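S.K.: Would you mind keeping the following structure in view while I ask a few things?
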Amino acid sequence: MRSALVLGLSLLFTGSALAAPPPMDALKLPPGFSISVWTDKVPDAREMALGTKDIVFVGSRDSGKVYAVSYEGDKVTKVRTIATGLEMPVGVAFRKGDLYVSAVSRIVVLRDIENHLDDPPKPEVVNDKLHPETHHGWKFIAFGPDDKLYVPTGAPCNICDRNTEGFAQIVRMNPDGTGSQVVARGVRNTVGFDWRPTDKTMWFTENGRDMMGDDMPSDELNHVTKPNEHFGYPYCHQGDTLDPEFGKGKSCKDYTPPVLKLGAHVASLGMRFYQGKQFPAPYQGAIIIAEHGSWNRTKKSGYRVMTVRLNGNKVASYEPLVDGFVADEKALGRPADVQALPDGSLLVSDDLNGVIYRVTYKK
């Protein structure tokens with residue numbers, strides 16, 4: 001069964017080379033919004049990070065590459081490959097001229113990268129003590145407002161209890177890779193997090209376990225409110241459902257519930273608090289989430305970009321920003337991350353098509 005599962009996943013992800021971007025008119029957005037292909041030269045595009053010189057850095061998963069996308073105004077001028085041969089380099093984080101990249105068991109850095117795009121430096125290892133397991137081993141990374149690098153380590157399984165071994169948690173470390181501290185536990189697999197600008201608290205998406213049916217359990221939007229907080233995995237899912245195996249003798253009341261249930265198997269990945277000014281006022285300060293889409297549900301779910309509006313620490317609304325990446329049960333695209341540009345437009349990476357879209361608003 002495991003071989004069949006691995007084969008199925010392999011076919012799902014390697015099929016990206018043959019995919020074509022969906023027709024833009026098939027994608028549905030609220031009135032006033034529009035979407036276009038920003039660049040189609042970023043195979044397997046995943047996490048994005050802004051540089052300081054009109055550059056967007058882009059990680060990948062299966063291609064092992066990191067890209068630098070140069071742009072001027074609303075046009076891409078050049079796409080460069082600045083690193084190759086890395087192991088699942090999904091995560092990219094820019095700090096003071098340096099680009100940090102996740103590579104499963106390692107964090108590496110490309111020093112002074114914006115001044116060496118045509119002759120990129122050799123990746124320098126800053127931490128090689130992370131777990132080498134590749135199941136949920138790819139890592140979204142980001143620097144927090146405390147100037148620490150935040151790094152998740154997903155559970156090396158669908159469902160298992162290896163929390164005491166350093167799995168299913170989020171840690172933070174100094175930029176040089178030292179001083180690792182646990183921030184959150186019981187986190188099965190997060191591939192997106194950000195900090196609310198108003199209070200600097202961390203919010204993250206989490207992918208729920210599989211093999212409990214089409215509609216259980218839900219993916220989660222979570223909020224870190226205290227150090228070393230436990231979010232339930234593998235004992236409790238979606239804040240109210242004990243695991244049939246690992247939940248015996250446990251109580252969901254002992255773990256932090258999600259702020260929002262995002263839906264079963266939607267594969268919520270990258271998320272950002274929108275801080276631009278181009279979008280209307282109701283979007284400013286809202287959370288934008290990329291839903292990569294289900295792979296094992298009878299009827300596909302996800303495959304869209306969602307907006308979560310908050311009222312304090314509670315959800316006021318949850319609605320689509322971009323929909324239509326699936327038609328007749330066929331995936332036309334798989335949103336992986338979101339990133340606002342300085343002009344307030346929003347980039348959406350799509351690893352199925354090797355594309356980054358740009359969402360704009362005009363009254």
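We name chains A, B, ... following the order of the structure tokens; residues begin at 1 in each chain, and ligands are numbered from 1 as shown.
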Residues near Pro123 of chain A, anyone? I mean within 12 Å using only C-alpha atoms, not counting same-chain ones fewer than 3 positions away, as a list in words.

M.R.: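 Contacts, in chain order: Val66, Ile82, Ala83, Thr84, Gly85, Leu86, Pro89, Asp98, Leu99, Tyr100, Val101, Ser102, Ala103, Arg106, Ile107, Val108, Val109, Leu110, Arg111, Asp112, Ile113, Pro120, Val126 and Asn127 of chain A.
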
S.K.: Mind checking which residues fall within 6 Å of segment 34-42 of chain A, counting only C-alpha atoms, ignoring those fewer than 3 positions away in the same chain, and posting them as an NGL selection string?

M.R.: :A and (45 or 354-360)

S.K.: Which is closest to Val191 of chain A among A:Gly137, A:Gly270, A:Pro217, A:Pro132, if we use only C-alpha atoms?

M.R.: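 Nearest to Val191 of chain A: A:Gly270.
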
S.K.: Could you tell me, as a list in words, which residues of segment 3-169 of chain A DSSP assigns to alpha helix (DSSP H) when given the backbone?

M.R.: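 For segment 3-169 of chain A, the alpha helix (DSSP H) set is Ser3, Ala4, Leu5, Val6, Leu7, Gly8, Leu9, Ser10, Leu11, Leu12, Phe13 and Thr14 of chain A.
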
S.K.: Go ahead and save the picked residues with N, CA and C atoms, as a tab-separated table (two decimals), in the first residue's frame.

M.R.:
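Result written to part-v6.tsv:
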chain	number	residue	atom	x	y	z
A	3	SER	N	3.85	1.55	-1.23
A	3	SER	CA	4.45	1.73	-2.55
A	3	SER	C	3.47	2.40	-3.49
A	4	ALA	N	2.21	1.98	-3.42
A	4	ALA	CA	1.19	2.58	-4.28
A	4	ALA	C	1.00	4.05	-3.94
A	5	LEU	N	1.03	4.36	-2.63
A	5	LEU	CA	0.87	5.74	-2.21
A	5	LEU	C	2.02	6.60	-2.71
A	6	VAL	N	3.24	6.11	-2.54
A	6	VAL	CA	4.41	6.85	-3.00
A	6	VAL	C	4.36	7.05	-4.51
A	7	LEU	N	3.94	6.00	-5.25
A	7	LEU	CA	3.84	6.12	-6.70
A	7	LEU	C	2.82	7.17	-7.07
A	8	GLY	N	1.68	7.14	-6.37
A	8	GLY	CA	0.64	8.11	-6.67
A	8	GLY	C	1.11	9.53	-6.43
A	9	LEU	N	1.81	9.75	-5.32
A	9	LEU	CA	2.33	11.07	-5.03
A	9	LEU	C	3.37	11.48	-6.06
A	10	SER	N	4.20	10.52	-6.46
A	10	SER	CA	5.23	10.82	-7.46
A	10	SER	C	4.60	11.27	-8.77
A	11	LEU	N	3.57	10.55	-9.19
A	11	LEU	CA	2.90	10.92	-10.43
A	11	LEU	C	2.24	12.29	-10.30
A	12	LEU	N	1.69	12.57	-9.12
A	12	LEU	CA	1.02	13.83	-8.90
A	12	LEU	C	1.99	14.99	-9.06
A	13	PHE	N	3.17	14.87	-8.44
A	13	PHE	CA	4.08	15.99	-8.43
A	13	PHE	C	4.94	16.07	-9.70
A	14	THR	N	5.31	14.94	-10.28
A	14	THR	CA	6.12	15.00	-11.48
A	14	THR	C	5.30	15.39	-12.68

S.K.: Looking only at the backbone, which of the residues in segment 150-348 of chain A does DSSP tag as strand (DSSP E or B), as JSON, numbers by chain?

M.R.: {"A": [150, 151, 152, 153, 169, 170, 171, 172, 173, 181, 182, 183, 184, 185, 193, 194, 195, 202, 203, 204, 205, 206, 218, 219, 220, 221, 222, 223, 229, 230, 236, 237, 241, 242, 260, 261, 262, 263, 264, 268, 269, 270, 271, 272, 273, 287, 288, 289, 290, 291, 304, 305, 306, 307, 308, 309, 310, 311, 314, 315, 316, 317, 318, 319, 320, 321, 322, 323, 326, 327, 330, 331, 335, 336, 337, 338, 339, 340, 346, 347, 348]}

S.K.: Find the spatial neighbours of segment 157-170 of chain A, counting only C-alpha atoms, within a cut-off of 12 Å - ignore same-chain residues fewer than 6 positions away - and output them as a VMD selection string.

M.R.: chain A and resid 2 5 129 to 137 139 to 142 149 to 151 180 to 193 202 to 212 224 227 to 237 243 to 247
